[in-house]
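For reference, my_file_13.cif is printed below; it contains mmCIF, C-alpha atoms; chains and numbers go by the auth columns.
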```cif
data_run
#
loop_
_atom_site.group_PDB
_atom_site.id
_atom_site.type_symbol
_atom_site.label_atom_id
_atom_site.label_comp_id
_atom_site.label_asym_id
_atom_site.label_seq_id
_atom_site.Cartn_x
_atom_site.Cartn_y
_atom_site.Cartn_z
_atom_site.B_iso_or_equiv
_atom_site.auth_seq_id
_atom_site.auth_asym_id
ATOM 1 C CA MET A 1 0.000 0.000 0.000 0.00 1 O
ATOM 2 C CA GLN A 2 2.818 2.402 0.895 0.00 2 O
ATOM 3 C CA GLY A 3 4.541 1.716 -2.450 0.00 3 O
ATOM 4 C CA SER A 4 1.251 2.279 -4.273 0.00 4 O
ATOM 5 C CA ARG A 5 0.802 5.676 -2.599 0.00 5 O
ATOM 6 C CA LEU A 6 4.351 6.640 -3.501 0.00 6 O
ATOM 7 C CA ALA A 7 3.849 5.676 -7.157 0.00 7 O
ATOM 8 C CA SER A 8 0.556 7.554 -7.412 0.00 8 O
ATOM 9 C CA ASN A 9 2.113 10.718 -5.964 0.00 9 O
ATOM 10 C CA LEU A 10 5.509 10.569 -7.629 0.00 10 O
ATOM 11 C CA GLY A 11 4.789 13.789 -9.519 0.00 11 O
ATOM 12 C CA ILE A 12 4.895 15.746 -6.258 0.00 12 O
ATOM 13 C CA TYR A 13 8.462 14.608 -5.640 0.00 13 O
ATOM 14 C CA VAL A 14 9.612 15.476 -9.154 0.00 14 O
ATOM 15 C CA TYR A 15 7.885 18.879 -8.981 0.00 15 O
ATOM 16 C CA ALA A 16 9.446 19.492 -5.571 0.00 16 O
ATOM 17 C CA GLY A 17 12.830 18.347 -6.920 0.00 17 O
ATOM 18 C CA GLY A 18 12.684 20.995 -9.649 0.00 18 O
ATOM 19 C CA ALA A 19 12.016 23.722 -7.072 0.00 19 O
ATOM 20 C CA ILE A 20 14.786 22.430 -4.801 0.00 20 O
ATOM 21 C CA LEU A 21 17.266 22.396 -7.690 0.00 21 O
ATOM 22 C CA LEU A 22 16.263 25.947 -8.662 0.00 22 O
ATOM 23 C CA GLY A 23 16.796 27.001 -5.061 0.00 23 O
ATOM 24 C CA VAL A 24 20.203 25.353 -4.753 0.00 24 O
ATOM 25 C CA LEU A 25 21.258 26.806 -8.111 0.00 25 O
ATOM 26 C CA GLY A 26 20.234 30.308 -7.047 0.00 26 O
ATOM 27 C CA LEU A 27 22.011 30.084 -3.702 0.00 27 O
ATOM 28 C CA ALA A 28 25.171 28.741 -5.345 0.00 28 O
ATOM 29 C CA SER A 29 25.273 31.368 -8.109 0.00 29 O
ATOM 30 C CA GLY A 30 23.537 34.389 -6.617 0.00 30 O
ATOM 31 C CA ASP A 31 21.512 34.572 -9.816 0.00 31 O
ATOM 32 C CA PHE A 32 18.152 33.592 -11.235 0.00 32 O
ATOM 33 C CA ALA A 33 17.664 30.758 -13.731 0.00 33 O
ATOM 34 C CA THR A 34 18.591 32.935 -16.677 0.00 34 O
ATOM 35 C CA THR A 35 16.270 33.051 -19.697 0.00 35 O
ATOM 36 C CA TRP A 36 13.446 31.355 -17.800 0.00 36 O
ATOM 37 C CA GLN A 37 13.246 33.548 -14.707 0.00 37 O
ATOM 38 C CA HIS A 38 13.216 36.890 -16.496 0.00 38 O
ATOM 39 C CA VAL A 39 14.745 39.466 -14.145 0.00 39 O
ATOM 40 C CA GLY A 40 16.670 42.185 -15.953 0.00 40 O
ATOM 41 C CA PRO A 41 20.143 43.368 -14.935 0.00 41 O
ATOM 42 C CA ASN A 42 18.830 46.825 -13.971 0.00 42 O
ATOM 43 C CA VAL A 43 16.327 45.580 -11.370 0.00 43 O
ATOM 44 C CA PRO A 44 17.178 47.152 -7.976 0.00 44 O
ATOM 45 C CA PHE A 45 18.675 44.773 -5.398 0.00 45 O
ATOM 46 C CA ARG A 46 18.798 42.061 -8.047 0.00 46 O
ATOM 47 C CA GLU A 47 21.357 39.853 -6.288 0.00 47 O
ATOM 48 C CA PRO A 48 19.632 39.946 -2.867 0.00 48 O
ATOM 49 C CA LEU A 49 16.351 39.194 -4.656 0.00 49 O
ATOM 50 C CA ALA A 50 17.994 36.230 -6.371 0.00 50 O
ATOM 51 C CA TYR A 51 19.159 34.831 -3.023 0.00 51 O
ATOM 52 C CA LEU A 52 15.758 35.477 -1.437 0.00 52 O
ATOM 53 C CA THR A 53 13.931 33.789 -4.318 0.00 53 O
ATOM 54 C CA ALA A 54 16.302 30.817 -4.217 0.00 54 O
ATOM 55 C CA GLY A 55 15.771 30.411 -0.479 0.00 55 O
ATOM 56 C CA ILE A 56 11.996 30.508 -0.917 0.00 56 O
ATOM 57 C CA GLU A 57 12.108 27.970 -3.773 0.00 57 O
ATOM 58 C CA LEU A 58 14.294 25.635 -1.730 0.00 58 O
ATOM 59 C CA ALA A 59 12.113 25.925 1.385 0.00 59 O
ATOM 60 C CA ALA A 60 8.874 25.512 -0.579 0.00 60 O
ATOM 61 C CA GLY A 61 10.226 22.501 -2.465 0.00 61 O
ATOM 62 C CA LEU A 62 11.235 20.854 0.804 0.00 62 O
ATOM 63 C CA ALA A 63 7.841 21.738 2.324 0.00 63 O
ATOM 64 C CA LEU A 64 6.125 19.712 -0.406 0.00 64 O
ATOM 65 C CA LEU A 65 7.828 16.562 0.875 0.00 65 O
ATOM 66 C CA TRP A 66 5.897 16.586 4.170 0.00 66 O
ATOM 67 C CA ARG A 67 2.115 16.264 4.380 0.00 67 O
ATOM 68 C CA ARG A 68 1.730 18.893 7.103 0.00 68 O
ATOM 69 C CA THR A 69 3.574 21.583 5.149 0.00 69 O
ATOM 70 C CA ALA A 70 2.740 20.487 1.594 0.00 70 O
ATOM 71 C CA ARG A 71 -0.158 22.920 1.156 0.00 71 O
ATOM 72 C CA ASN A 72 1.998 25.879 2.187 0.00 72 O
ATOM 73 C CA GLY A 73 4.759 24.682 -0.143 0.00 73 O
ATOM 74 C CA ALA A 74 2.329 24.423 -3.060 0.00 74 O
ATOM 75 C CA LEU A 75 0.908 27.891 -2.368 0.00 75 O
ATOM 76 C CA THR A 76 4.383 29.432 -2.134 0.00 76 O
ATOM 77 C CA LEU A 77 5.600 27.887 -5.392 0.00 77 O
ATOM 78 C CA THR A 78 2.390 28.923 -7.142 0.00 78 O
ATOM 79 C CA LEU A 79 3.000 32.532 -6.123 0.00 79 O
ATOM 80 C CA ILE A 80 6.701 32.481 -7.069 0.00 80 O
ATOM 81 C CA TYR A 81 6.064 30.940 -10.488 0.00 81 O
ATOM 82 C CA SER A 82 3.160 33.362 -11.054 0.00 82 O
ATOM 83 C CA VAL A 83 5.556 36.283 -10.608 0.00 83 O
ATOM 84 C CA PHE A 84 7.947 34.841 -13.198 0.00 84 O
ATOM 85 C CA SER A 85 5.103 34.118 -15.614 0.00 85 O
ATOM 86 C CA LEU A 86 3.800 37.693 -15.308 0.00 86 O
ATOM 87 C CA ALA A 87 7.332 39.071 -15.663 0.00 87 O
ATOM 88 C CA TRP A 88 7.400 37.733 -19.232 0.00 88 O
ATOM 89 C CA VAL A 89 4.063 39.326 -20.224 0.00 89 O
ATOM 90 C CA PRO A 90 5.338 42.874 -20.961 0.00 90 O
ATOM 91 C CA LYS A 91 8.110 41.517 -23.179 0.00 91 O
ATOM 92 C CA ALA A 92 5.630 39.218 -24.922 0.00 92 O
ATOM 93 C CA LEU A 93 3.320 42.154 -25.698 0.00 93 O
ATOM 94 C CA VAL A 94 6.079 44.386 -27.073 0.00 94 O
ATOM 95 C CA ASN A 95 6.677 42.208 -30.125 0.00 95 O
ATOM 96 C CA LEU A 96 3.954 39.676 -30.821 0.00 96 O
ATOM 97 C CA GLY A 97 5.930 38.458 -33.837 0.00 97 O
ATOM 98 C CA ASP A 98 8.555 36.985 -31.498 0.00 98 O
ATOM 99 C CA TYR A 99 7.063 33.877 -29.912 0.00 99 O
ATOM 100 C CA ASP A 100 9.925 33.180 -27.485 0.00 100 O
ATOM 101 C CA PRO A 101 8.636 35.468 -24.674 0.00 101 O
ATOM 102 C CA ILE A 102 5.105 34.096 -25.135 0.00 102 O
ATOM 103 C CA GLY A 103 6.503 30.578 -24.902 0.00 103 O
ATOM 104 C CA ASN A 104 8.214 31.492 -21.651 0.00 104 O
ATOM 105 C CA VAL A 105 4.928 32.821 -20.249 0.00 105 O
ATOM 106 C CA PHE A 106 3.340 29.417 -20.801 0.00 106 O
ATOM 107 C CA GLU A 107 6.333 27.458 -19.514 0.00 107 O
ATOM 108 C CA GLN A 108 6.027 29.305 -16.216 0.00 108 O
ATOM 109 C CA LEU A 109 2.220 29.042 -16.364 0.00 109 O
ATOM 110 C CA SER A 110 2.511 25.256 -16.507 0.00 110 O
ATOM 111 C CA LEU A 111 4.352 25.415 -13.166 0.00 111 O
ATOM 112 C CA VAL A 112 1.669 27.730 -11.781 0.00 112 O
ATOM 113 C CA ALA A 113 -1.134 25.401 -12.874 0.00 113 O
ATOM 114 C CA ALA A 114 0.543 22.363 -11.304 0.00 114 O
ATOM 115 C CA GLY A 115 1.060 24.320 -8.084 0.00 115 O
ATOM 116 C CA LEU A 116 -2.667 25.155 -8.070 0.00 116 O
ATOM 117 C CA VAL A 117 -3.519 21.480 -8.645 0.00 117 O
ATOM 118 C CA LEU A 118 -1.403 20.552 -5.617 0.00 118 O
ATOM 119 C CA LEU A 119 -2.891 23.400 -3.581 0.00 119 O
ATOM 120 C CA ALA A 120 -6.369 22.069 -4.377 0.00 120 O
ATOM 121 C CA THR A 121 -5.269 18.506 -3.625 0.00 121 O
ATOM 122 C CA PHE A 122 -4.014 19.438 -0.159 0.00 122 O
ATOM 123 C CA SER A 123 -6.958 21.724 0.643 0.00 123 O
ATOM 124 C CA PRO A 124 -9.903 20.452 2.726 0.00 124 O
ATOM 125 C CA THR A 125 -12.336 18.328 0.740 0.00 125 O
ATOM 126 C CA GLY A 126 -15.261 20.426 -0.432 0.00 126 O
ATOM 127 C CA SER A 127 -13.456 23.737 0.004 0.00 127 O
ATOM 128 C CA ALA A 128 -13.643 26.357 -2.753 0.00 128 O
ATOM 129 C CA VAL A 129 -10.036 25.693 -3.795 0.00 129 O
ATOM 130 C CA ALA A 130 -10.464 21.901 -3.811 0.00 130 O
ATOM 131 C CA ARG A 131 -13.560 22.178 -6.029 0.00 131 O
ATOM 132 C CA ARG A 132 -11.568 24.135 -8.609 0.00 132 O
ATOM 133 C CA ARG A 133 -8.988 21.413 -9.151 0.00 133 O
ATOM 134 C CA PRO A 134 -10.541 20.320 -12.505 0.00 134 O
ATOM 135 C CA PHE A 135 -10.261 23.927 -13.712 0.00 135 O
ATOM 136 C CA PHE A 136 -6.590 24.055 -12.704 0.00 136 O
ATOM 137 C CA VAL A 137 -6.009 20.867 -14.714 0.00 137 O
ATOM 138 C CA LEU A 138 -7.596 22.568 -17.741 0.00 138 O
ATOM 139 C CA LEU A 139 -5.373 25.613 -17.164 0.00 139 O
ATOM 140 C CA PHE A 140 -2.368 23.347 -17.454 0.00 140 O
ATOM 141 C CA GLY A 141 -3.893 21.773 -20.570 0.00 141 O
ATOM 142 C CA ILE A 142 -3.491 25.062 -22.452 0.00 142 O
ATOM 143 C CA CYS A 143 0.279 25.033 -21.974 0.00 143 O
ATOM 144 C CA PRO A 144 1.182 22.096 -24.262 0.00 144 O
ATOM 145 C CA ILE A 145 -0.382 24.073 -27.140 0.00 145 O
ATOM 146 C CA SER A 146 2.335 26.665 -26.598 0.00 146 O
ATOM 147 C CA PHE A 147 4.990 23.938 -26.318 0.00 147 O
ATOM 148 C CA GLY A 148 3.900 22.658 -29.738 0.00 148 O
ATOM 149 C CA ILE A 149 3.979 26.152 -31.244 0.00 149 O
ATOM 150 C CA VAL A 150 7.521 26.624 -29.909 0.00 150 O
ATOM 151 C CA HIS A 151 8.512 23.433 -31.718 0.00 151 O
ATOM 152 C CA ILE A 152 7.043 24.731 -34.982 0.00 152 O
ATOM 153 C CA VAL A 153 8.698 28.143 -34.630 0.00 153 O
ATOM 154 C CA ASP A 154 12.047 26.585 -33.718 0.00 154 O
ATOM 155 C CA MET A 155 11.786 23.642 -36.103 0.00 155 O
ATOM 156 C CA PRO A 156 15.171 24.134 -37.848 0.00 156 O
ATOM 157 C CA GLY A 157 16.936 24.484 -34.507 0.00 157 O
ATOM 158 C CA LEU A 158 14.865 21.658 -33.023 0.00 158 O
ATOM 159 C CA LEU A 159 16.550 19.077 -35.225 0.00 159 O
ATOM 160 C CA SER A 160 20.084 19.591 -33.874 0.00 160 O
ATOM 161 C CA PRO A 161 19.489 18.377 -30.282 0.00 161 O
ATOM 162 C CA ILE A 162 17.728 15.184 -31.448 0.00 162 O
ATOM 163 C CA PRO A 163 20.280 12.333 -31.287 0.00 163 O
ATOM 164 C CA GLY A 164 21.232 11.090 -34.744 0.00 164 O
ATOM 165 C CA TRP A 165 21.280 7.463 -33.555 0.00 165 O
ATOM 166 C CA LEU A 166 17.577 7.571 -32.632 0.00 166 O
ATOM 167 C CA PRO A 167 15.565 5.701 -35.306 0.00 167 O
ATOM 168 C CA PRO A 168 13.786 6.321 -37.599 0.00 168 O
ATOM 169 C CA GLY A 169 15.283 9.822 -37.936 0.00 169 O
ATOM 170 C CA LYS A 170 15.420 13.366 -36.608 0.00 170 O
ATOM 171 C CA MET A 171 12.575 14.733 -38.726 0.00 171 O
ATOM 172 C CA PHE A 172 10.229 11.983 -37.532 0.00 172 O
ATOM 173 C CA TRP A 173 10.839 12.811 -33.868 0.00 173 O
ATOM 174 C CA ALA A 174 10.599 16.560 -34.489 0.00 174 O
ATOM 175 C CA TYR A 175 7.106 16.141 -35.932 0.00 175 O
ATOM 176 C CA ALA A 176 6.091 13.369 -33.509 0.00 176 O
ATOM 177 C CA THR A 177 6.956 15.405 -30.414 0.00 177 O
ATOM 178 C CA THR A 178 5.233 18.485 -31.838 0.00 178 O
ATOM 179 C CA MET A 179 2.042 16.545 -32.541 0.00 179 O
ATOM 180 C CA GLY A 180 2.403 14.913 -29.146 0.00 180 O
ATOM 181 C CA PHE A 181 2.121 18.300 -27.453 0.00 181 O
ATOM 182 C CA PHE A 182 -0.960 19.279 -29.455 0.00 182 O
ATOM 183 C CA GLY A 183 -2.560 15.875 -28.915 0.00 183 O
ATOM 184 C CA ALA A 184 -1.954 16.028 -25.169 0.00 184 O
ATOM 185 C CA ALA A 185 -3.542 19.483 -24.997 0.00 185 O
ATOM 186 C CA VAL A 186 -6.658 18.320 -26.851 0.00 186 O
ATOM 187 C CA ALA A 187 -6.989 15.214 -24.667 0.00 187 O
ATOM 188 C CA ILE A 188 -6.565 17.087 -21.366 0.00 188 O
ATOM 189 C CA LEU A 189 -8.931 19.885 -22.388 0.00 189 O
ATOM 190 C CA THR A 190 -11.651 17.535 -23.659 0.00 190 O
ATOM 191 C CA GLY A 191 -11.139 14.685 -21.208 0.00 191 O
ATOM 192 C CA ILE A 192 -10.886 12.158 -24.060 0.00 192 O
ATOM 193 C CA MET A 193 -8.133 9.660 -23.181 0.00 193 O
ATOM 194 C CA ALA A 194 -6.785 12.303 -20.806 0.00 194 O
ATOM 195 C CA PRO A 195 -4.970 9.895 -18.405 0.00 195 O
ATOM 196 C CA LEU A 196 -2.985 8.263 -21.221 0.00 196 O
ATOM 197 C CA ALA A 197 -2.245 11.593 -22.896 0.00 197 O
ATOM 198 C CA ALA A 198 -1.077 13.195 -19.641 0.00 198 O
ATOM 199 C CA ARG A 199 1.244 10.240 -18.956 0.00 199 O
ATOM 200 C CA LEU A 200 2.663 10.363 -22.479 0.00 200 O
ATOM 201 C CA LEU A 201 3.187 14.125 -22.186 0.00 201 O
ATOM 202 C CA THR A 202 5.101 13.565 -18.958 0.00 202 O
ATOM 203 C CA ALA A 203 7.194 10.849 -20.612 0.00 203 O
ATOM 204 C CA GLU A 204 7.961 13.164 -23.546 0.00 204 O
ATOM 205 C CA ILE A 205 9.283 15.887 -21.253 0.00 205 O
ATOM 206 C CA VAL A 206 11.268 13.415 -19.121 0.00 206 O
ATOM 207 C CA ILE A 207 12.849 11.884 -22.231 0.00 207 O
ATOM 208 C CA PHE A 208 13.797 15.370 -23.441 0.00 208 O
ATOM 209 C CA GLU A 209 15.507 15.966 -20.101 0.00 209 O
ATOM 210 C CA LEU A 210 17.373 12.660 -20.359 0.00 210 O
ATOM 211 C CA LEU A 211 18.453 13.006 -23.999 0.00 211 O
ATOM 212 C CA PHE A 212 19.085 16.755 -24.189 0.00 212 O
ATOM 213 C CA TRP A 213 19.685 18.563 -20.922 0.00 213 O
ATOM 214 C CA ILE A 214 21.609 15.910 -18.984 0.00 214 O
ATOM 215 C CA PRO A 215 24.142 15.273 -21.797 0.00 215 O
ATOM 216 C CA LYS A 216 24.637 19.050 -22.108 0.00 216 O
ATOM 217 C CA LEU A 217 25.261 19.261 -18.361 0.00 217 O
ATOM 218 C CA LEU A 218 27.778 16.421 -18.483 0.00 218 O
ATOM 219 C CA ALA A 219 29.586 18.215 -21.300 0.00 219 O
ATOM 220 C CA ALA A 220 29.629 21.608 -19.516 0.00 220 O
ATOM 221 C CA PRO A 221 29.077 21.104 -15.766 0.00 221 O
ATOM 222 C CA ARG A 222 30.039 24.704 -14.884 0.00 222 O
ATOM 223 C CA ASN A 223 27.581 26.378 -17.242 0.00 223 O
ATOM 224 C CA HIS A 224 24.912 28.297 -15.293 0.00 224 O
ATOM 225 C CA PHE A 225 22.520 28.412 -18.269 0.00 225 O
ATOM 226 C CA ILE A 226 22.593 24.627 -18.643 0.00 226 O
ATOM 227 C CA TRP A 227 22.012 24.109 -14.922 0.00 227 O
ATOM 228 C CA GLY A 228 19.027 26.450 -15.187 0.00 228 O
ATOM 229 C CA GLY A 229 17.703 24.546 -18.193 0.00 229 O
ATOM 230 C CA ASN A 230 17.923 21.270 -16.291 0.00 230 O
ATOM 231 C CA ALA A 231 16.139 22.715 -13.266 0.00 231 O
ATOM 232 C CA ILE A 232 13.304 24.198 -15.334 0.00 232 O
ATOM 233 C CA SER A 233 12.993 21.022 -17.410 0.00 233 O
ATOM 234 C CA ILE A 234 12.679 18.905 -14.261 0.00 234 O
ATOM 235 C CA ALA A 235 10.160 21.349 -12.801 0.00 235 O
ATOM 236 C CA ILE A 236 8.011 21.225 -15.959 0.00 236 O
ATOM 237 C CA ALA A 237 8.261 17.423 -16.045 0.00 237 O
ATOM 238 C CA GLY A 238 7.101 17.439 -12.427 0.00 238 O
ATOM 239 C CA ALA A 239 4.234 19.769 -13.328 0.00 239 O
ATOM 240 C CA ALA A 240 3.041 17.434 -16.083 0.00 240 O
ATOM 241 C CA TRP A 241 3.450 14.471 -13.705 0.00 241 O
ATOM 242 C CA VAL A 242 1.389 16.208 -10.984 0.00 242 O
ATOM 243 C CA VAL A 243 -1.422 16.865 -13.453 0.00 243 O
ATOM 244 C CA ALA A 244 -1.260 13.298 -14.800 0.00 244 O
ATOM 245 C CA ASP A 245 -1.459 11.911 -11.243 0.00 245 O
ATOM 246 C CA SER A 246 -4.462 14.140 -10.546 0.00 246 O
ATOM 247 C CA ILE A 247 -6.287 13.059 -13.718 0.00 247 O
ATOM 248 C CA CYS A 248 -5.604 9.372 -13.053 0.00 248 O
ATOM 249 C CA ARG A 249 -6.837 9.626 -9.459 0.00 249 O
ATOM 250 C CA ASP A 250 -10.085 11.193 -10.665 0.00 250 O
ATOM 251 C CA VAL A 251 -10.613 8.370 -13.167 0.00 251 O
ATOM 252 C CA LYS A 252 -10.046 5.758 -10.441 0.00 252 O
ATOM 253 C CA ARG A 253 -12.478 7.492 -8.084 0.00 253 O
ATOM 254 C CA ALA A 254 -15.226 7.904 -10.681 0.00 254 O
ATOM 255 C CA PRO A 255 -16.749 4.361 -10.398 0.00 255 O
ATOM 256 C CA ALA A 256 -16.924 4.606 -6.584 0.00 256 O
ATOM 257 C CA GLN A 257 -18.537 8.040 -6.790 0.00 257 O
ATOM 258 C CA ARG A 258 -21.131 6.761 -9.288 0.00 258 O
ATOM 259 C CA GLU A 259 -21.965 3.844 -6.971 0.00 259 O
ATOM 260 C CA ALA A 260 -22.278 6.178 -3.984 0.00 260 O
ATOM 261 C CA ALA A 261 -24.681 8.379 -5.967 0.00 261 O
#
```
Since I need it in another form, could you write the structure as C-alpha cells?
Amino acid sequence: MQGSRLASNLGIYVYAGGAILLGVLGLASGDFATTWQHVGPNVPFREPLAYLTAGIELAAGLALLWRRTARNGALTLTLIYSVFSLAWVPKALVNLGDYDPIGNVFEQLSLVAAGLVLLATFSPTGSAVARRRPFFVLLFGICPISFGIVHIVDMPGLLSPIPGWLPPGKMFWAYATTMGFFGAAVAILTGIMAPLAARLLTAEIVIFELLFWIPKLLAAPRNHFIWGGNAISIAIAGAAWVVADSICRDVKRAPAQREAA
C-alpha cells in the first residue's frame, strides 16, 4: 500500500525536486535561472532578490515533501512561479511576432497550474479551492499548445538536439513530439483519453531531459545556463506528472462516486 501511494504521488516529488534544484542553483550562483526567470540586470537589489527567491524555492520545495507543510509549499511555489510568468508578459506584448517570450509565459504558467492542482489537492475536501482542481487541470492543458507552437517556430533548430542514432530519424521525432504536445492538450482539455495523454506528455518531457539537458550538463558542468535549463525542465516534467497523477486519481475514483450516488 505504501509503495502504491508513492507511485501515485511521484509527480509531487519530481515537482518538488525541480524547485529544490532551482533554489540550490540560485544560492550557489547568486543569480536567477537565466532566460526562464526573467529578471533584468537593472532591477534594484537584483542579487539579494535572487538569493531570497532561491531560499523561498528551496524551502517551498522541501515543504512539499511533508504532508503537514505540503499545502503551504504548493501555495508558495504557485505565487513564485506566477511572478515569473507575469514578468514575461510585458516583453511578450512588445513584439507579438517573437514567440519566445510568449513561450516562456506558458512554460512558467505550466508550473503555476501544477502548483494550483497541488494546492487544491491538499486543501480540505469540499473547500472552494479543492472544487476548482478540474479547472486548474484545464489551465495546465493550455500550456502544451504553446509547447507545440515553440517546436514549430524553432523547427530548424529543433533538429540539432535530437540524437542522430535515434531511429527512424530526426525529422520523424521533431514532428512526432510536436504533434504529441498538441494531442496532449486536446486530450486534457476535452477529457478524451486524458490519463494516457497526460502520462505520455510527462514521458515526452522526461525523455527530453534525459536526452538533451543531462548530456549538455555532463559536457559543460560549470555552465549556469545549462544548470538552469535542467532545473526548469525537471520542474516542468514534475508539473506534467502532478497533473497526470491528478487526472488518473479522478478516473479511479469515478466508479466509486457513481456507486455512492
Handout entry: Atomic distance atom CA of Leu62 of chain O - atom CA of Val129 of chain O, expressed in Å with one decimal
Key =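 Atom CA of Val129 of chain O lies at a distance of 22.3 Å from atom CA of Leu62 of chain O.
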Practice task
Please provide the set of residues having any atom within 10 Å of Trp213 of chain O, restricted to all atoms listed in the file, with same-chain residues fewer than 2 positions apart removed, written as a ChimeraX atom specification.
Solution key: /O:161,207-211,215-219,226-231,233-234
Practice task
Enter the distance from atom CA of Gly17 of chain O to atom CA of Ala74 of chain O, in Å, rounded to one decimal.
Solution key: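 Between these atoms lies a distance of 12.7 Å.
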Handout entry: Picked residues, the PyMOL selection byres ((chain O and resi 139) around 9), as number ranges by chain
Key = O: 109-110, 113-114, 134-138, 140-143, 189
Practice task
Record the distance separating atom CA of Ala184 of chain O and atom CA of Leu77 of chain O, expressed in Å with one decimal.
Solution key: 24.3 Å
Practice task
For the point (23.5, 21.0, -7.2) in the file's frame, write as a PyMOL selection string all residues with an atom no more than 12 Å away, counting all atoms listed in the file.
Solution key: chain O and resi 17-29+58+217+221-222+224+227-228+230-231
Exercise for the section: Have a look at O:Leu10, O:Met171, O:Leu111, O:Ala128 and name the one nearest to Ile232 of chain O; count all atoms listed in the file. Expected result: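 With all atoms listed in the file as the atom set, the closest residue is O:Leu111.
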Handout entry: Spatial neighbours of Met155 of chain O, 9 Å, only C-alpha atoms, chain gap at least 4 places, as a list in words
Key = Val150, His151, Leu159, Ala174 and Tyr175 of chain O
Practice task
With the file shown as input, list the residues that the PyMOL selection byres ((chain O and resi 101-104) around 10) selects, as a PyMOL selection string.
Solution key: chain O and resi 35-38+84-100+105-110+143+145-150
Handout entry: Protein, DNA and RNA residues within 6 Å of (1.1, 20.8, -9.9), all atoms listed in the file, as a PyMOL selection string
Key = chain O and resi 113-115+117-118+239+242-243
Practice task
Carefully work through the PyMOL selection byres ((chain O and resi 248) around 9) for this structure and note down the residues it includes, as a ChimeraX atom specification.
Solution key: /O:8,194-196,198,243-247,249-253
Exercise for the section: Between O:Phe181, O:Ala176, O:Val83, O:Phe225, single out the one closest to Asp31 of chain O, counting all atoms listed in the file. Expected result: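 Closest residue, counting all atoms listed in the file: O:Phe225.
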Handout entry: Residue with smallest distance to Leu200 of chain O - pool O:Thr34, O:Thr177, O:Thr69, O:Ser127, counting only C-alpha atoms
Key =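 Closest residue, counting only C-alpha atoms: O:Thr177.
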Problem - segment 119-123 of chain O environment, 8 Å, only C-alpha atoms, sequence neighbours closer than 5 positions dropped, as a ChimeraX atom specification - result: /O:70-72,74-75,129-133
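Remark: for Leu64 of chain O, the closest of the candidate residues O:Asn42, O:Pro48, O:Gly11, O:Leu79 is O:Gly11 (distances computed over all atoms listed in the file).
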From the coordinates I just gave you, please extract segment 19-23 of chain O so that only all heavy atoms remain, then output it as a CSV table (one decimal), in the first residue's frame.
```csv
chain,number,residue,atom,x,y,z
O,19,ALA,N,11.9,22.5,-7.9
O,19,ALA,CA,12.0,23.7,-7.1
O,19,ALA,C,13.3,23.7,-6.2
O,19,ALA,O,13.9,24.7,-6.0
O,19,ALA,CB,10.8,23.8,-6.2
O,20,ILE,N,13.6,22.5,-5.6
O,20,ILE,CA,14.8,22.4,-4.8
O,20,ILE,C,16.0,22.7,-5.6
O,20,ILE,O,16.9,23.4,-5.2
O,20,ILE,CB,14.8,21.0,-4.1
O,20,ILE,CG1,13.7,20.9,-3.1
O,20,ILE,CG2,16.2,20.8,-3.5
O,20,ILE,CD1,13.5,19.5,-2.6
O,21,LEU,N,16.1,22.2,-6.8
O,21,LEU,CA,17.3,22.4,-7.7
O,21,LEU,C,17.4,23.9,-8.1
O,21,LEU,O,18.5,24.4,-8.1
O,21,LEU,CB,17.2,21.5,-8.9
O,21,LEU,CG,18.4,21.6,-9.9
O,21,LEU,CD1,19.7,21.3,-9.2
O,21,LEU,CD2,18.2,20.6,-11.1
O,22,LEU,N,16.2,24.5,-8.4
O,22,LEU,CA,16.3,25.9,-8.7
O,22,LEU,C,16.8,26.7,-7.5
O,22,LEU,O,17.6,27.7,-7.6
O,22,LEU,CB,14.9,26.4,-9.0
O,22,LEU,CG,14.4,26.1,-10.5
O,22,LEU,CD1,12.9,26.4,-10.6
O,22,LEU,CD2,15.2,27.0,-11.5
O,23,GLY,N,16.4,26.3,-6.3
O,23,GLY,CA,16.8,27.0,-5.1
O,23,GLY,C,18.3,26.8,-4.8
O,23,GLY,O,19.0,27.8,-4.5
```
